[in-house]
Amino acid sequence: MISETFVASNLKSAYKQAVQKYGNEVSIASAKQVEYDDGQLRCEIVVSIPKEIFMEKSFDELEIDGISNNEAGALLEEIDELKIELEQMRDGLLEVNESSSITKEVKTLFMEKGIAESWLDKIFISLVNTEVIEDKSLLVSYLFEEIDEVLKVKKEIFDIPKIIMLVGPTGVGKSTTIAKLAARYAYLLEKSYKVVLLNLDSYKVGAIEQLAHYADIMQIEHISISSVNDFREKLEALKEYDIILVDTAGMSPYDTQKFIKTVEFVNSDIQKDIEVNLVLSATVKYEDMEDIYKNFSFLNLNSIIITKFDETRHFGTLLNFMLLYNLPMSYFSIGQEVPDDLLVANKEYLLEHFIGDINEE
Ligand SMILES: Nc1nc2c(ncn2[C@@H]2O[C@H](COP(=O)(O)OP(=O)(O)OP(=O)(O)O)[C@@H](O)[C@H]2O)c(=O)[nH]1
Ligand SMILES: [Mg+2]
């Protein structure tokens with residue numbers, strides 16, 4: 001192992017520097033706060049870098065001429081041995097984590113709330129031999145900070161004309177959210193946008209009526225689309241509109257036929273890109289998450305709308321989805337009322353709910 005010191009204003013930034021330079025395999029050997037001559041407190045960490053990685057990074061910047069095949073072979077062999085050593089050390093570190101009662105307690109707490117073990121392990125490994133891992137509240141705050149850093153929010157930008165399509169599993173609240181968005185863009189912002197609703201949802205009895213009902217109340221134009229050709233023609237004819245909201249049929253992640261149809265719409269040859277929002281209920285089941293992402297990601301997802309915030313107090317599964325797939329969030333639906341129960345997505349709201357759930361322990 002090779003040691004190197006990194007200095008930054010806080011532990012996390014110092015660790016980040018080390019990771020940027022040497023990758024995720026570095027581990028913190030020690031950490032301390034030091035007062036510098038300018039009166040500022042800084043965090044000094046000493047990281048251990050596996051020899052193999054240190055060599056690799058150093059050699060990356062060097063030109064090595066005339067290295068013989070034998071020498072290269074020996075070097076590769078040594079690297080292989082180091083790799084095995086490294087894996088053993090990694091396992092050892094995991095054991096260290098497992099045996100500490102604080103990490104165990106915090107890990108169980110977050111896992112019970114839905115956060116993936118692999119995600120937590122990655123963080124715990126980076127904290128071995130630091131004070132953070134020895135203090136429960138420090139460790140919990142560190143995890144919240146990490147979550148906050150990974151979550152992404154999509155800014156509401158009106159680069160009009162704009163086509164916004166909502167896709168998602170059945171009954172998650174796509175049509176209700178479309179109605180809320182229509183009201184927001186047409187009436188509730190400083191500027192009024194010219195909005196039209198399109199409905200690709202022709203599979204379900206009552207689906208067209210539902211959206212038409214909202215459209216009539218809001219006096220917003222509403223059009224049903226029958227085919228990809230029709231879609232193309234209608235978009236061409238609707239050029240003077242600022243925002244075109246497209247509702248789609250709810251799809252079970254296993255309904256291949258509907259997927260193929262929707263992919264055709266998303267990829268149709270039109271002038272403007274479609275901004276595809278996956279609508280996901282905050283009550284999503286852990287077992288369904290992966291299938292939902294795998295299947296819907298074929299639709300070039302741009303962002304996520306989370307609905308039914310009011311129907312659960314447990315947000316870990318949802319948060320886990322965000323941490324794993326890292327799509328930006330655009331809006332939150334927090335109830336059935338049109339148009340009131342809609343928020344522009346913000347991390348604080350989601351984190352506050354998650355922290356509330358954790359603190360109920
Ligand atoms: N509690 C709660 N209910 C909601 C929310 N958003 C929508 N709903 C309700 O969920 C039900 C289904 O809403 P829809 O908007 O029809 O859902 P959808 O995704 O369009 O459904 P399909 O088109 O059948 O796939 C309705 O009863 C809505 O009032 C929400 O944020 N909270
Ligand atoms: Mg619908």
# chains A, B, ... in the order shown; residues from 1 in each chain; ligands from 1

call {"tool": "residues_around", "arguments": {"residues": "Ile306 (chain A)", "least_positions_apart": "2", "cutoff": "6 Å", "atoms": "only C-alpha atoms", "output": "list of chain:residue names"}}
result
A:Val279, A:Leu280, A:Ser281, A:Phe332

call {"tool": "residues_near_ligand", "arguments": {"ligand": "ligand 2", "cutoff": "7 Å", "atoms": "only C-alpha atoms and all ligand atoms", "output": "compact mmCIF listing (two decimals) with N, CA and C atoms, in the first residue's frame"}}
result
# COMPACT_ATOMS: atom_id res chain seq x y z
N GLY A 171 -52.50 3.48 -13.83
CA GLY A 171 -53.12 4.05 -12.63
C GLY A 171 -52.21 4.87 -11.72
N GLY A 173 -51.34 7.95 -12.13
CA GLY A 173 -51.76 9.36 -12.07
C GLY A 173 -51.26 10.19 -13.25
N LYS A 174 -51.06 9.55 -14.40
CA LYS A 174 -50.56 10.28 -15.57
C LYS A 174 -51.57 11.34 -16.03
N SER A 175 -52.82 10.91 -16.24
CA SER A 175 -53.82 11.84 -16.79
C SER A 175 -54.10 12.97 -15.81
N ASP A 201 -53.98 7.71 -25.48
CA ASP A 201 -54.57 6.68 -24.63
C ASP A 201 -55.91 6.22 -25.18
N ALA A 207 -60.91 6.65 -21.02
CA ALA A 207 -59.67 7.41 -20.91
C ALA A 207 -59.79 8.76 -21.61
N ASP A 247 -50.66 12.58 -23.27
CA ASP A 247 -51.01 11.52 -22.32
C ASP A 247 -50.91 10.16 -23.03
N THR A 248 -50.50 9.15 -22.32
CA THR A 248 -50.38 7.81 -22.94
C THR A 248 -51.14 6.78 -22.10
N ALA A 249 -51.31 5.61 -22.69
CA ALA A 249 -51.99 4.53 -21.98
C ALA A 249 -51.08 4.00 -20.88
N GLY A 250 -51.67 3.66 -19.75
CA GLY A 250 -50.89 3.02 -18.69
C GLY A 250 -50.38 1.68 -19.20

call {"tool": "closest_atom_pairs", "arguments": {"of": "chain A", "to": "ligand 1", "cutoff": "10 Å", "atoms": "only C-alpha atoms and all ligand atoms", "output": "CSV"}}
result
residue,atom,partner,partner_atom_place_in_ligand_line,distance
A:Leu166,CA,ligand 1,19 (O),8.8
A:Val167,CA,ligand 1,19 (O),8.0
A:Gly168,CA,ligand 1,19 (O),6.7
A:Pro169,CA,ligand 1,25 (O),6.0
A:Thr170,CA,ligand 1,25 (O),3.3
A:Gly171,CA,ligand 1,21 (O),3.3
A:Val172,CA,ligand 1,19 (O),4.0
A:Gly173,CA,ligand 1,17 (O),3.2
A:Lys174,CA,ligand 1,19 (O),3.7
A:Ser175,CA,ligand 1,15 (O),3.8
A:Thr176,CA,ligand 1,15 (O),3.7
A:Thr177,CA,ligand 1,15 (O),6.3
A:Ile178,CA,ligand 1,15 (O),7.9
A:Ala179,CA,ligand 1,15 (O),8.5
A:Lys180,CA,ligand 1,6 (N),9.6
A:Asp201,CA,ligand 1,23 (O),7.0
A:Ser202,CA,ligand 1,23 (O),9.6
A:Tyr203,CA,ligand 1,23 (O),9.2
A:Lys204,CA,ligand 1,24 (O),7.3
A:Val205,CA,ligand 1,24 (O),9.5
A:Gly206,CA,ligand 1,24 (O),9.3
A:Ala207,CA,ligand 1,23 (O),6.4
A:Ile208,CA,ligand 1,23 (O),9.4
A:Gln210,CA,ligand 1,16 (O),7.6
A:Leu211,CA,ligand 1,15 (O),8.9
A:Asp247,CA,ligand 1,20 (O),7.6
A:Thr248,CA,ligand 1,23 (O),6.9
A:Ala249,CA,ligand 1,23 (O),5.1
A:Gly250,CA,ligand 1,25 (O),3.0
A:Met251,CA,ligand 1,25 (O),6.5
A:Ser252,CA,ligand 1,25 (O),8.8
A:Val279,CA,ligand 1,19 (O),7.6
A:Leu280,CA,ligand 1,19 (O),9.0
A:Ser281,CA,ligand 1,31 (O),8.0
A:Ala282,CA,ligand 1,31 (O),8.8
A:Ile306,CA,ligand 1,31 (O),8.0
A:Thr307,CA,ligand 1,31 (O),4.4
A:Lys308,CA,ligand 1,31 (O),3.5
A:Phe309,CA,ligand 1,31 (O),5.9
A:Asp310,CA,ligand 1,1 (N),5.6
A:Glu311,CA,ligand 1,1 (N),5.4
A:Thr312,CA,ligand 1,1 (N),9.1
A:Phe332,CA,ligand 1,31 (O),7.6
A:Ser333,CA,ligand 1,31 (O),4.1
A:Ile334,CA,ligand 1,31 (O),4.2
A:Gly335,CA,ligand 1,32 (N),3.5
A:Gln336,CA,ligand 1,4 (C),4.4
A:Glu337,CA,ligand 1,29 (O),7.4
A:Val338,CA,ligand 1,29 (O),8.7
A:Asp341,CA,ligand 1,31 (O),6.9
A:Leu342,CA,ligand 1,31 (O),7.8

call {"tool": "closest_residue", "arguments": {"among": "A:Glu240, A:Ala183, A:Leu143, A:Asp38", "to": "Leu351 (chain A)", "atoms": "only C-alpha atoms"}}
result
A:Leu143

call {"tool": "closest_residue", "arguments": {"among": "A:Asp148, A:Lys294, A:Ala237, A:Phe231", "to": "Asn267 (chain A)", "atoms": "only C-alpha atoms"}}
result
A:Phe231

call {"tool": "residues_around", "arguments": {"residues": "region 78-85 of chain A", "least_positions_apart": "6", "cutoff": "8 Å", "atoms": "only C-alpha atoms", "output": "PyMOL selection string"}}
result
chain A and resi 50-52
